[in-house]
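Next comes model24.cif, with mmCIF, C-alpha atoms and all ligand atoms.
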data_input
#
loop_
_atom_site.label_atom_id
_atom_site.label_comp_id
_atom_site.auth_asym_id
_atom_site.auth_seq_id
_atom_site.Cartn_x
_atom_site.Cartn_y
_atom_site.Cartn_z
CA MET A 1 -14.65 17.39 -6.92
CA CYS A 2 -16.01 13.97 -7.81
CA ILE A 3 -19.19 13.22 -5.83
CA TYR A 4 -18.36 9.51 -5.65
CA CYS A 5 -14.74 9.30 -4.55
CA SER A 6 -13.82 12.84 -3.39
CA ILE A 7 -11.01 12.97 -5.93
CA ASN A 8 -10.52 16.27 -7.73
CA SER A 9 -9.07 14.92 -10.94
CA CYS A 10 -11.99 12.52 -11.36
CA ILE A 11 -14.78 14.68 -12.70
CA ILE A 12 -18.28 13.27 -12.81
CA VAL A 13 -20.32 15.38 -15.22
CA ILE A 14 -23.90 15.43 -14.14
CA THR A 15 -26.13 15.59 -17.19
CA ASN A 16 -29.47 14.18 -18.15
CA LYS A 17 -28.19 13.14 -21.55
CA TRP A 18 -26.21 10.04 -22.42
CA ALA A 19 -22.70 10.51 -23.80
CA LYS A 20 -22.83 11.44 -27.49
CA LYS A 21 -23.65 8.30 -29.46
CA MET A 22 -21.64 7.53 -32.55
CA ASP A 23 -23.42 6.27 -35.64
CA PRO A 24 -21.24 3.37 -36.89
CA ASN A 25 -22.52 4.03 -40.44
CA THR A 26 -21.31 7.63 -40.69
CA ILE A 27 -17.70 7.83 -39.55
CA SER A 28 -16.24 11.28 -40.24
CA ASN A 29 -12.63 12.37 -39.90
CA GLU A 30 -13.40 13.89 -36.52
CA ASN A 31 -15.17 10.92 -35.00
CA SER A 32 -12.80 8.34 -36.46
CA LYS A 33 -10.07 9.97 -34.32
CA GLU A 34 -12.35 9.68 -31.26
CA LEU A 35 -13.13 6.08 -32.16
CA LEU A 36 -9.44 5.16 -32.45
CA ASP A 37 -8.69 6.97 -29.19
CA ALA A 38 -11.40 4.96 -27.44
CA LEU A 39 -10.01 1.76 -28.95
CA THR A 40 -6.55 2.68 -27.65
CA HIS A 41 -8.00 3.52 -24.23
CA ILE A 42 -9.46 0.01 -24.02
CA TRP A 43 -6.12 -1.50 -25.14
CA ASN A 44 -4.20 0.43 -22.51
CA HIS A 45 -6.47 -0.84 -19.76
CA THR A 46 -6.55 -4.37 -21.18
CA PHE A 47 -2.77 -4.63 -21.24
CA SER A 48 -1.82 -2.55 -18.22
CA PHE A 49 -1.37 -5.78 -16.19
CA LEU A 50 1.83 -6.16 -18.24
CA ASN A 51 3.23 -3.11 -16.45
CA SER A 52 2.87 -5.13 -13.25
CA MET A 53 4.31 -8.28 -14.82
CA ALA A 54 7.29 -6.41 -16.32
CA LEU A 55 8.02 -4.99 -12.86
CA LYS A 56 7.73 -8.47 -11.33
CA CYS A 57 10.07 -9.90 -13.97
CA ALA A 58 12.64 -7.14 -13.37
CA ILE A 59 12.61 -7.87 -9.63
CA GLN A 60 12.84 -11.63 -10.13
CA LEU A 61 15.66 -11.35 -12.69
CA GLU A 62 17.35 -8.91 -10.28
CA ILE A 63 17.89 -6.34 -13.04
CA PRO A 64 18.30 -3.35 -10.67
CA ASP A 65 20.93 -5.30 -8.65
CA ALA A 66 22.79 -6.22 -11.85
CA ILE A 67 23.00 -2.56 -12.91
CA GLN A 68 24.15 -1.55 -9.43
CA LYS A 69 26.78 -4.33 -9.37
CA HIS A 70 28.09 -3.16 -12.76
CA GLY A 71 28.98 0.15 -11.11
CA LYS A 72 28.08 2.32 -14.10
CA PRO A 73 25.32 2.45 -16.76
CA ILE A 74 25.14 -0.91 -18.53
CA THR A 75 24.69 -1.86 -22.21
CA LEU A 76 22.02 -4.35 -23.21
CA LYS A 77 24.66 -6.97 -24.00
CA GLU A 78 26.42 -6.50 -20.66
CA LEU A 79 23.07 -6.69 -18.88
CA ALA A 80 22.08 -9.87 -20.73
CA ASN A 81 25.45 -11.44 -19.86
CA SER A 82 25.14 -10.55 -16.20
CA LEU A 83 21.62 -11.98 -15.75
CA SER A 84 20.86 -15.68 -15.60
CA ILE A 85 18.86 -15.62 -18.84
CA HIS A 86 19.19 -17.75 -21.94
CA PRO A 87 21.72 -16.29 -24.45
CA ASN A 88 19.14 -16.11 -27.24
CA LYS A 89 16.82 -13.85 -25.22
CA THR A 90 18.82 -10.61 -25.58
CA HIS A 91 16.37 -9.00 -27.99
CA SER A 92 13.45 -9.93 -25.72
CA LEU A 93 15.33 -8.31 -22.85
CA TYR A 94 15.47 -5.16 -25.01
CA GLN A 95 11.63 -5.21 -25.21
CA LEU A 96 11.33 -5.61 -21.43
CA MET A 97 13.80 -2.78 -20.80
CA ARG A 98 12.01 -0.52 -23.31
CA LEU A 99 8.76 -0.82 -21.35
CA LEU A 100 10.55 -0.33 -18.03
CA VAL A 101 12.32 2.78 -19.37
CA HIS A 102 8.94 4.06 -20.54
CA SER A 103 7.54 3.52 -17.05
CA ASN A 104 10.48 5.32 -15.48
CA PHE A 105 12.17 2.42 -13.73
CA PHE A 106 15.32 2.87 -15.80
CA ILE A 107 16.84 5.69 -17.78
CA ILE A 108 18.81 5.51 -21.03
CA LYS A 109 22.16 7.25 -21.15
CA LYS A 110 24.54 7.49 -24.12
CA SER A 111 27.96 6.12 -23.26
CA THR A 112 31.14 7.90 -24.25
CA PRO A 113 32.97 7.77 -26.61
CA ASN A 114 30.84 5.48 -28.82
CA GLN A 115 27.38 6.86 -27.93
CA GLU A 116 26.06 3.38 -27.21
CA GLU A 117 22.77 3.19 -25.31
CA THR A 118 23.20 2.17 -21.68
CA TYR A 119 20.70 1.68 -18.86
CA ASP A 120 20.91 3.34 -15.47
CA LEU A 121 18.79 3.20 -12.32
CA THR A 122 16.20 5.80 -11.38
CA LEU A 123 15.03 6.38 -7.79
CA ASN A 124 12.08 4.06 -8.59
CA SER A 125 14.41 1.14 -9.35
CA GLN A 126 16.83 2.01 -6.54
CA LEU A 127 13.91 1.17 -4.23
CA LEU A 128 13.96 -2.37 -5.70
CA LEU A 129 17.59 -3.07 -4.80
CA LYS A 130 18.03 -5.96 -2.40
CA ASN A 131 20.57 -4.07 -0.29
CA HIS A 132 18.63 -0.78 -0.23
CA PRO A 133 17.33 0.07 3.26
CA PHE A 134 13.97 1.01 1.66
CA ASN A 135 13.74 -2.00 -0.70
CA GLN A 136 10.07 -2.33 -1.78
CA SER A 137 10.44 -5.58 -3.76
CA PRO A 138 8.77 -7.81 -1.13
CA PHE A 139 5.71 -5.54 -1.16
CA ALA A 140 5.48 -5.66 -4.97
CA ILE A 141 5.99 -9.44 -5.05
CA LEU A 142 3.32 -9.98 -2.36
CA GLU A 143 0.71 -7.86 -4.14
CA MET A 144 1.42 -9.62 -7.46
CA ASP A 145 1.37 -13.13 -5.95
CA PRO A 146 -1.11 -15.27 -7.93
CA ILE A 147 -3.07 -16.08 -4.78
CA ILE A 148 -3.75 -12.34 -4.35
CA THR A 149 -4.38 -11.53 -8.02
CA GLU A 150 -6.62 -14.56 -8.59
CA SER A 151 -9.49 -13.05 -6.58
CA ALA A 152 -9.53 -10.06 -8.94
CA HIS A 153 -10.32 -12.41 -11.84
CA HIS A 154 -13.56 -13.34 -10.10
CA LEU A 155 -14.91 -9.92 -9.10
CA ASP A 156 -17.93 -10.27 -11.42
CA GLU A 157 -18.83 -13.62 -9.83
CA TRP A 158 -18.53 -12.11 -6.37
CA PHE A 159 -20.74 -9.16 -7.34
CA LYS A 160 -23.44 -11.57 -8.55
CA ASN A 161 -23.23 -13.98 -5.58
CA GLU A 162 -25.07 -13.61 -2.33
CA ASN A 163 -22.11 -13.64 0.05
CA ASP A 164 -21.96 -13.32 3.81
CA GLU A 165 -21.66 -9.76 5.07
CA ASP A 166 -17.85 -9.80 5.26
CA GLU A 167 -17.00 -12.40 2.59
CA SER A 168 -14.41 -11.00 0.20
CA PRO A 169 -13.63 -12.21 -3.33
CA PHE A 170 -10.44 -13.76 -1.82
CA HIS A 171 -12.56 -15.67 0.73
CA MET A 172 -15.02 -16.78 -1.95
CA ILE A 173 -12.22 -18.22 -4.12
CA GLN A 174 -9.81 -19.56 -1.48
CA GLY A 175 -12.45 -20.74 1.03
CA LYS A 176 -10.82 -18.75 3.85
CA LYS A 177 -10.15 -15.16 4.84
CA ILE A 178 -6.83 -13.62 3.92
CA TYR A 179 -5.62 -13.50 7.56
CA GLU A 180 -6.53 -17.20 7.98
CA HIS A 181 -4.43 -17.93 4.92
CA ILE A 182 -1.55 -15.80 6.22
CA SER A 183 -1.57 -17.53 9.61
CA SER A 184 -1.71 -21.03 8.11
CA GLU A 185 1.03 -20.67 5.47
CA LEU A 186 4.41 -20.04 7.04
CA LYS A 187 6.08 -18.89 3.80
CA PHE A 188 3.23 -16.55 2.93
CA ASN A 189 3.18 -15.23 6.51
CA ASP A 190 6.88 -14.37 6.19
CA LEU A 191 6.34 -12.69 2.80
CA PHE A 192 3.35 -10.70 4.14
CA ASN A 193 5.25 -9.48 7.20
CA GLU A 194 8.33 -8.60 5.16
CA ALA A 195 6.14 -6.70 2.66
CA MET A 196 4.51 -4.67 5.43
CA SER A 197 7.84 -4.14 7.07
CA CYS A 198 9.45 -2.66 3.96
CA ASP A 199 6.61 -0.15 3.70
CA SER A 200 7.03 0.72 7.37
CA ARG A 201 10.79 1.19 6.95
CA ILE A 202 10.11 4.16 4.65
CA ILE A 203 7.11 5.54 6.48
CA SER A 204 8.71 5.32 9.93
CA LYS A 205 11.75 7.27 8.68
CA VAL A 206 9.54 9.99 7.18
CA LEU A 207 7.32 9.98 10.26
CA VAL A 208 9.92 10.23 13.03
CA ASN A 209 11.70 13.00 11.15
CA SER A 210 8.55 15.04 10.57
CA SER A 211 7.85 18.07 12.73
CA GLU A 212 4.16 17.08 12.75
CA PHE A 213 4.87 13.71 14.40
CA LYS A 214 7.38 15.28 16.80
CA GLY A 215 4.62 17.70 17.83
CA LEU A 216 2.16 14.86 18.37
CA VAL A 217 4.38 12.71 20.60
CA GLU A 218 6.35 15.35 22.49
CA GLY A 219 6.40 14.44 26.19
CA VAL A 220 4.46 11.21 25.58
CA GLU A 221 5.51 8.37 27.93
CA SER A 222 3.76 5.37 26.35
CA LEU A 223 2.66 4.30 22.88
CA VAL A 224 1.05 1.17 21.44
CA ASP A 225 1.38 0.34 17.73
CA VAL A 226 -1.81 -1.65 17.07
CA GLY A 227 -1.47 -4.14 14.22
CA GLY A 228 2.21 -3.24 14.35
CA GLY A 229 3.35 -6.40 12.52
CA ASP A 230 6.97 -7.35 13.15
CA GLY A 231 7.63 -4.05 14.93
CA THR A 232 9.47 -2.12 12.21
CA MET A 233 7.57 1.05 13.06
CA GLY A 234 7.66 0.37 16.81
CA LYS A 235 11.43 -0.10 16.74
CA ALA A 236 11.97 3.18 14.84
CA ILE A 237 9.83 5.10 17.34
CA ALA A 238 11.42 3.39 20.37
CA GLU A 239 14.85 4.30 19.04
CA ALA A 240 13.94 7.92 18.30
CA TYR A 241 12.22 8.33 21.69
CA PRO A 242 14.23 6.35 24.29
CA GLU A 243 12.13 7.80 27.14
CA MET A 244 8.91 6.41 25.64
CA GLN A 245 7.65 2.88 26.47
CA CYS A 246 6.54 1.30 23.17
CA ILE A 247 4.37 -1.78 22.74
CA VAL A 248 3.94 -3.56 19.42
CA PHE A 249 0.50 -5.21 19.53
CA ASP A 250 -0.53 -7.76 16.88
CA LEU A 251 -2.07 -11.18 16.47
CA PRO A 252 -0.29 -13.85 18.57
CA HIS A 253 1.09 -15.76 15.55
CA VAL A 254 2.70 -12.52 14.29
CA VAL A 255 4.47 -11.49 17.50
CA ASN A 256 5.20 -14.93 18.99
CA GLY A 257 8.95 -15.37 19.35
CA LEU A 258 9.76 -11.68 18.69
CA GLN A 259 12.02 -10.11 21.31
CA GLY A 260 11.80 -6.53 22.58
CA ASN A 261 14.93 -4.42 23.01
CA GLY A 262 15.14 -4.95 26.78
CA ARG A 263 14.63 -1.20 27.37
CA ASN A 264 11.58 0.47 25.91
CA LEU A 265 10.10 -1.93 23.33
CA THR A 266 7.94 -4.98 24.06
CA TYR A 267 5.62 -7.22 22.02
CA VAL A 268 2.10 -8.17 23.09
CA GLY A 269 -0.16 -10.64 21.28
CA GLY A 270 -3.94 -10.21 21.08
CA ARG A 271 -6.91 -9.12 18.99
CA MET A 272 -7.73 -5.44 18.63
CA PHE A 273 -11.46 -6.28 18.74
CA ASP A 274 -11.13 -7.71 22.28
CA ALA A 275 -8.79 -5.39 24.20
CA ILE A 276 -5.79 -3.13 23.52
CA PRO A 277 -2.97 -2.40 26.02
CA HIS A 278 -3.37 1.01 27.70
CA ALA A 279 -1.11 3.88 26.58
CA GLN A 280 -1.10 7.66 26.11
CA VAL A 281 -0.83 7.29 22.34
CA ILE A 282 -2.26 4.57 20.12
CA LEU A 283 -0.84 4.34 16.63
CA ILE A 284 -2.57 2.29 13.94
CA LYS A 285 -0.98 2.10 10.52
CA TRP A 286 -2.75 0.34 7.67
CA ALA A 287 -4.75 -1.95 9.94
CA PHE A 288 -8.23 -0.49 9.26
CA HIS A 289 -8.56 -0.33 5.45
CA ASN A 290 -8.95 -4.09 5.30
CA TRP A 291 -11.91 -4.20 7.70
CA SER A 292 -15.63 -3.41 7.48
CA ASP A 293 -17.07 -0.29 9.14
CA GLU A 294 -18.60 -2.47 11.85
CA ASN A 295 -15.22 -4.00 12.75
CA VAL A 296 -13.42 -0.65 12.61
CA ILE A 297 -15.96 0.86 15.01
CA LYS A 298 -15.41 -2.11 17.35
CA ALA A 299 -11.62 -1.61 17.27
CA LEU A 300 -11.99 2.18 17.65
CA LYS A 301 -14.07 1.61 20.81
CA ARG A 302 -11.28 -0.61 22.20
CA CYS A 303 -8.80 2.18 21.37
CA LYS A 304 -10.93 4.70 23.25
CA GLU A 305 -11.03 2.41 26.31
CA ALA A 306 -7.23 2.04 26.20
CA LEU A 307 -6.56 5.80 26.04
CA PRO A 308 -6.73 8.28 28.92
CA ASN A 309 -9.60 10.74 28.38
CA LYS A 310 -7.28 13.66 29.07
CA GLY A 311 -4.33 13.99 26.73
CA GLY A 312 -4.85 10.60 25.03
CA LYS A 313 -4.19 10.54 21.29
CA LEU A 314 -5.14 8.14 18.56
CA ILE A 315 -2.95 8.42 15.46
CA ILE A 316 -4.17 6.59 12.37
CA ILE A 317 -2.04 6.26 9.24
CA GLU A 318 -4.35 5.49 6.33
CA MET A 319 -5.57 7.00 3.09
CA VAL A 320 -8.28 9.62 3.01
CA MET A 321 -9.71 9.42 -0.51
CA GLY A 322 -9.10 12.60 -2.45
CA ILE A 323 -6.58 14.01 0.05
CA PRO A 324 -4.23 15.51 -0.96
CA SER A 325 -6.30 16.69 -3.90
CA ASP A 326 -3.67 17.93 -6.34
CA ASN A 327 -1.69 14.83 -7.32
CA VAL A 328 -2.99 12.41 -9.98
CA ASN A 329 -0.41 9.74 -9.03
CA TYR A 330 -1.68 9.76 -5.47
CA SER A 331 -5.32 9.57 -6.66
CA ASN A 332 -4.43 6.61 -8.90
CA ALA A 333 -2.74 4.80 -6.02
CA GLN A 334 -5.75 5.46 -3.77
CA LEU A 335 -8.23 4.11 -6.34
CA LEU A 336 -6.13 1.01 -7.11
CA ILE A 337 -5.37 0.13 -3.50
CA ASP A 338 -9.07 0.63 -2.72
CA MET A 339 -9.89 -2.06 -5.32
CA GLN A 340 -7.17 -4.32 -3.91
CA MET A 341 -8.72 -3.97 -0.45
CA LEU A 342 -12.13 -4.88 -1.86
CA SER A 343 -10.73 -7.91 -3.65
CA ALA A 344 -8.53 -9.23 -0.83
CA SER A 345 -10.60 -8.51 2.25
CA ARG A 346 -13.78 -6.63 1.32
CA GLY A 347 -12.13 -3.58 2.83
CA LYS A 348 -12.02 -0.05 1.45
CA GLU A 349 -10.20 3.25 1.43
CA ARG A 350 -12.43 5.85 3.08
CA THR A 351 -13.38 9.45 2.36
CA GLU A 352 -13.11 12.09 5.08
CA GLN A 353 -16.88 11.86 5.60
CA GLN A 354 -16.70 8.09 6.07
CA TRP A 355 -13.86 8.37 8.59
CA LYS A 356 -15.71 11.11 10.48
CA SER A 357 -18.82 9.00 10.86
CA LEU A 358 -16.76 6.04 12.19
CA PHE A 359 -15.03 8.26 14.75
CA LEU A 360 -18.30 9.76 15.97
CA ASP A 361 -20.01 6.33 16.12
CA ALA A 362 -17.13 5.01 18.26
CA GLY A 363 -17.52 7.93 20.69
CA PHE A 364 -14.58 10.10 19.63
CA ARG A 365 -15.08 13.88 19.68
CA ASP A 366 -13.08 15.27 16.78
CA TYR A 367 -10.26 14.60 14.31
CA ASN A 368 -7.60 16.36 12.29
CA ILE A 369 -6.09 15.26 8.97
CA LEU A 370 -2.41 15.87 8.19
CA PRO A 371 -1.77 14.91 4.55
CA ILE A 372 1.99 14.51 4.87
CA LEU A 373 2.58 10.89 3.79
CA GLY A 374 2.03 10.98 0.02
CA PRO A 375 -1.29 9.29 -0.76
CA ARG A 376 -1.69 8.51 2.95
CA SER A 377 -2.44 10.86 5.81
CA ILE A 378 -1.92 11.04 9.52
CA ILE A 379 -5.38 11.24 11.09
CA GLN A 380 -5.28 12.46 14.65
CA VAL A 381 -8.43 11.52 16.58
CA PHE A 382 -9.38 13.13 19.89
CA PRO A 383 -11.14 11.03 22.56
CA ALA A 384 -12.56 13.95 24.51
C1 LIG B 1 -1.74 -4.41 6.57
S1 LIG B 1 -0.87 -4.99 7.95
C2 LIG B 1 -0.05 -3.54 8.54
C3 LIG B 1 1.10 -3.85 9.45
C4 LIG B 1 1.83 -2.61 9.96
N1 LIG B 1 0.98 -1.74 10.75
C5 LIG B 1 2.45 -1.85 8.82
O1 LIG B 1 1.83 -0.91 8.33
O2 LIG B 1 3.54 -2.22 8.40
C6 LIG B 1 -2.16 -5.19 9.15
C7 LIG B 1 -1.69 -5.77 10.46
O3 LIG B 1 -2.83 -5.92 11.32
C8 LIG B 1 -2.68 -7.14 12.01
N2 LIG B 1 -4.00 -7.60 12.46
C9 LIG B 1 -4.96 -8.20 11.73
N3 LIG B 1 -6.02 -8.49 12.49
C10 LIG B 1 -5.71 -8.06 13.73
C11 LIG B 1 -6.41 -8.09 14.98
N4 LIG B 1 -7.62 -8.61 15.07
N5 LIG B 1 -5.81 -7.57 16.07
C12 LIG B 1 -4.55 -7.05 15.98
N6 LIG B 1 -3.85 -6.99 14.83
C13 LIG B 1 -4.43 -7.49 13.73
C14 LIG B 1 -2.04 -8.06 10.99
O4 LIG B 1 -1.46 -9.20 11.57
C15 LIG B 1 -1.06 -7.14 10.33
O5 LIG B 1 0.20 -7.15 10.96
#
Spell out the structure here as structure tokens.
Ligand SMILES: C[S@@+](CC[C@H](N)C(=O)[O-])C[C@H]1O[C@@H](n2cnc3c(N)ncnc32)[C@H](O)[C@@H]1O
Amino acid sequence: MCIYCSINSCIIVITNKWAKKMDPNTISNENSKELLDALTHIWNHTFSFLNSMALKCAIQLEIPDAIQKHGKPITLKELANSLSIHPNKTHSLYQLMRLLVHSNFFIIKKSTPNQEETYDLTLNSQLLLKNHPFNQSPFAILEMDPIITESAHHLDEWFKNENDEDESPFHMIQGKKIYEHISSELKFNDLFNEAMSCDSRIISKVLVNSSEFKGLVEGVESLVDVGGGDGTMGKAIAEAYPEMQCIVFDLPHVVNGLQGNGRNLTYVGGRMFDAIPHAQVILIKWAFHNWSDENVIKALKRCKEALPNKGGKLIIIEMVMGIPSDNVNYSNAQLLIDMQMLSASRGKERTEQQWKSLFLDAGFRDYNILPILGPRSIIQVFPA
């Protein structure tokens, strides 16, 4: 296991020698292959932003929707005709589709009887369809918005600067924290909440159907979803557990104007660092990885105060770096989202050891990790 990030596939070889140096004057057959592989490695990392941009383009051109509307696999010509693109861009569309087939967003099928190549959706692109209940396009568009990606262009500057304790690259470039930006820009606020909501639509479905979650909330009468956004998760839980009183707790500008269901779901505005409504279960999904350890400890203490000592449960949905340990895709997602957190809010994804020390510092007794949400886990934390 890697000693830096707890990820199994990332092997740090501890040696007192530098990596083998190559003499540029004596290039043999063997090391010219290594040299060209290294060159290609640098290319792949240099140009991998085009994977993101190709995905963004496909969403904005509504390519998945066009294929779905066609009702069967579509030829390049039919696709070009159905999109609002210039007629002389068909060959360029072929290049875009070739990359997106390579990255498993679309699949090529041979049509009958003429064996023409046609494109069909994969599950990855079905999750980009506007009418799909689990549509992830808003999340992708948010994370690729220039205001978010711009900070990443200035990471080196940020590393060199003497910034305030919690000043992120985003803050350094935009002159305000990301949540200040979200609350001051109505359109961006809507995009942010919709992006979070589409993630929660998937996770809440997986969660409420899991035996692990059922076991955690069985017999529970009250639950608060802290940093619960527009209440997508809260609504799913309130619906699945009509006997449970659910509160969605978030910043006032997020919950203002949102209506509960008149039965077992209400919205409360506030700051998790000041006070949290009391309940038997506190749920926090993705509201810690964007905060410093100091702030997380503060919020954890407020959680502890809001929970009964006996039978109270804190359920955190976040990544635990390196868990689960056997999936390279999950490790990649953890490492990339960790960098995004650094860039956008000086946050981080935490290892088990880091989580443990936060829980103990905030006065919690113990914890248990259930790695059942892909790259994310359910972390159950026990107050006493
Ligand atoms: C990354 S979003 C996650 C939203 C939601 N839990 C989800 O996963 O879909 C973090 C949420 O924390 C909220 N938040 C930020 N600062 C907060 C604070 N001080 N107190 C309460 N909520 C806060 C944000 O408004 C946002 O809705």
Which residues of chain A have any atom within 8 Å of an atom in ligand LIG 1 (chain B) when counting only C-alpha atoms and all ligand atoms, and what is the closest pair of atoms for each, with the distance in Å to one decimal? Order the rows by chain and rising number and write it as CSV.
residue,atom,partner,partner_atom,distance
A:Tyr179,CA,B:LIG1,C9,6.8
A:Asn193,CA,B:LIG1,O5,6.7
A:Ala195,CA,B:LIG1,O2,7.7
A:Met196,CA,B:LIG1,O2,4.0
A:Ser197,CA,B:LIG1,O2,4.9
A:Cys198,CA,B:LIG1,O2,7.4
A:Asp199,CA,B:LIG1,O2,6.0
A:Ser200,CA,B:LIG1,O2,4.7
A:Asp225,CA,B:LIG1,N1,7.3
A:Val226,CA,B:LIG1,N6,6.1
A:Gly227,CA,B:LIG1,O3,3.7
A:Gly228,CA,B:LIG1,N1,4.1
A:Gly229,CA,B:LIG1,O5,3.6
A:Asp230,CA,B:LIG1,O5,7.1
A:Gly231,CA,B:LIG1,C4,7.8
A:Thr232,CA,B:LIG1,O2,7.0
A:Met233,CA,B:LIG1,O2,7.0
A:Phe249,CA,B:LIG1,C12,6.4
A:Asp250,CA,B:LIG1,N6,4.0
A:Leu251,CA,B:LIG1,N6,4.8
A:Val254,CA,B:LIG1,O4,6.0
A:Gly269,CA,B:LIG1,C12,7.8
A:Gly270,CA,B:LIG1,N5,6.0
A:Arg271,CA,B:LIG1,N5,3.5
A:Met272,CA,B:LIG1,N5,3.8
A:Phe273,CA,B:LIG1,N4,5.8
A:Ile284,CA,B:LIG1,N1,6.2
A:Lys285,CA,B:LIG1,N1,4.3
A:Trp286,CA,B:LIG1,O1,4.8
A:Ala287,CA,B:LIG1,C6,4.2
A:Phe288,CA,B:LIG1,C6,7.7
A:Asn290,CA,B:LIG1,C1,7.3
I need the chosen residues saved as a compact mmCIF listing (two decimals), keeping the file's coordinate frame, with C-alpha atoms.
# COMPACT_ATOMS: atom_id res chain seq x y z
CA TYR A 179 -5.62 -13.50 7.56
CA ASN A 193 5.25 -9.48 7.20
CA ALA A 195 6.14 -6.70 2.66
CA MET A 196 4.51 -4.67 5.43
CA SER A 197 7.84 -4.14 7.07
CA CYS A 198 9.45 -2.66 3.96
CA ASP A 199 6.61 -0.15 3.70
CA SER A 200 7.03 0.72 7.37
CA ASP A 225 1.38 0.34 17.73
CA VAL A 226 -1.81 -1.65 17.07
CA GLY A 227 -1.47 -4.14 14.22
CA GLY A 228 2.21 -3.24 14.35
CA GLY A 229 3.35 -6.40 12.52
CA ASP A 230 6.97 -7.35 13.15
CA GLY A 231 7.63 -4.05 14.93
CA THR A 232 9.47 -2.12 12.21
CA MET A 233 7.57 1.05 13.06
CA PHE A 249 0.50 -5.21 19.53
CA ASP A 250 -0.53 -7.76 16.88
CA LEU A 251 -2.07 -11.18 16.47
CA VAL A 254 2.70 -12.52 14.29
CA GLY A 269 -0.16 -10.64 21.28
CA GLY A 270 -3.94 -10.21 21.08
CA ARG A 271 -6.91 -9.12 18.99
CA MET A 272 -7.73 -5.44 18.63
CA PHE A 273 -11.46 -6.28 18.74
CA ILE A 284 -2.57 2.29 13.94
CA LYS A 285 -0.98 2.10 10.52
CA TRP A 286 -2.75 0.34 7.67
CA ALA A 287 -4.75 -1.95 9.94
CA PHE A 288 -8.23 -0.49 9.26
CA ASN A 290 -8.95 -4.09 5.30
Subject >> Between atom CA of A:Ala344 and atom CA of A:Ser151, distance in Å (one decimal) >> reply: 7.0 Å
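One distance worth recording is that between atom CA of A:Ser210 and atom CA of A:Arg376, which is 14.3 Å.
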Subject >> Separation of atom CA of A:Val328 from atom CA of A:Thr351, in Å and rounded to one decimal >> reply: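 Distance between the two atoms: 16.4 Å.
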Original post:
Using only C-alpha atoms, can you list as a ChimeraX atom specification the residues within 9 Å of (13.2, -10.3, -7.4)?
Top reply: /A:56-63,128-130,137-138,141
Which polymer residues, whether protein, DNA or RNA, lie within 12 Å of the coordinate (6.6, 0.5, -18.1) when you count only C-alpha atoms? List them as a PDB file with C-alpha atoms, in the frame of the given file, using the chain letters and numbers from the file.
ATOM      1  CA  ASN A  44      -4.200   0.430 -22.510  1.00  0.00           C
ATOM      2  CA  PHE A  47      -2.770  -4.630 -21.240  1.00  0.00           C
ATOM      3  CA  SER A  48      -1.820  -2.550 -18.220  1.00  0.00           C
ATOM      4  CA  PHE A  49      -1.370  -5.780 -16.190  1.00  0.00           C
ATOM      5  CA  LEU A  50       1.830  -6.160 -18.240  1.00  0.00           C
ATOM      6  CA  ASN A  51       3.230  -3.110 -16.450  1.00  0.00           C
ATOM      7  CA  SER A  52       2.870  -5.130 -13.250  1.00  0.00           C
ATOM      8  CA  MET A  53       4.310  -8.280 -14.820  1.00  0.00           C
ATOM      9  CA  ALA A  54       7.290  -6.410 -16.320  1.00  0.00           C
ATOM     10  CA  LEU A  55       8.020  -4.990 -12.860  1.00  0.00           C
ATOM     11  CA  LYS A  56       7.730  -8.470 -11.330  1.00  0.00           C
ATOM     12  CA  CYS A  57      10.070  -9.900 -13.970  1.00  0.00           C
ATOM     13  CA  ALA A  58      12.640  -7.140 -13.370  1.00  0.00           C
ATOM     14  CA  GLN A  95      11.630  -5.210 -25.210  1.00  0.00           C
ATOM     15  CA  LEU A  96      11.330  -5.610 -21.430  1.00  0.00           C
ATOM     16  CA  MET A  97      13.800  -2.780 -20.800  1.00  0.00           C
ATOM     17  CA  ARG A  98      12.010  -0.520 -23.310  1.00  0.00           C
ATOM     18  CA  LEU A  99       8.760  -0.820 -21.350  1.00  0.00           C
ATOM     19  CA  LEU A 100      10.550  -0.330 -18.030  1.00  0.00           C
ATOM     20  CA  VAL A 101      12.320   2.780 -19.370  1.00  0.00           C
ATOM     21  CA  HIS A 102       8.940   4.060 -20.540  1.00  0.00           C
ATOM     22  CA  SER A 103       7.540   3.520 -17.050  1.00  0.00           C
ATOM     23  CA  ASN A 104      10.480   5.320 -15.480  1.00  0.00           C
ATOM     24  CA  PHE A 105      12.170   2.420 -13.730  1.00  0.00           C
ATOM     25  CA  PHE A 106      15.320   2.870 -15.800  1.00  0.00           C
ATOM     26  CA  ILE A 107      16.840   5.690 -17.780  1.00  0.00           C
ATOM     27  CA  ASN A 124      12.080   4.060  -8.590  1.00  0.00           C
ATOM     28  CA  SER A 125      14.410   1.140  -9.350  1.00  0.00           C
TER      29      SER A 125
END
Subject >> Residue neighbourhood A:Val381, 10 Å, all atoms listed in the file, exclusion window fewer than 3 positions, as a ChimeraX atom specification >> reply: /A:282,304,312-316,356,359,364-369,378,384
Original post:
Between A:Ser357, A:Thr46, A:Ser28, A:Asn135, which one has atoms that come closest to A:Asp65, using only C-alpha atoms?
Top reply: A:Asn135
Subject >> Near-A:Met321 list (7 Å; only C-alpha atoms; drop same-chain fewer than 4 positions) as a list of chain:residue names >> reply: A:Cys5, A:Ser6, A:Ile7, A:Gln334, A:Glu349, A:Arg350, A:Thr351
Set up a box along x, y and z of the file covering all listed atoms of stretch 244-257 of chain A, add 6 Å on every one of the six sides, and write the centre and edge lengths in Å to one decimal, as lines of an AutoDock Vina configuration file.
center_x = 3.4
center_y = -4.7
center_z = 20.4
size_x = 23.0
size_y = 34.2
size_z = 24.2
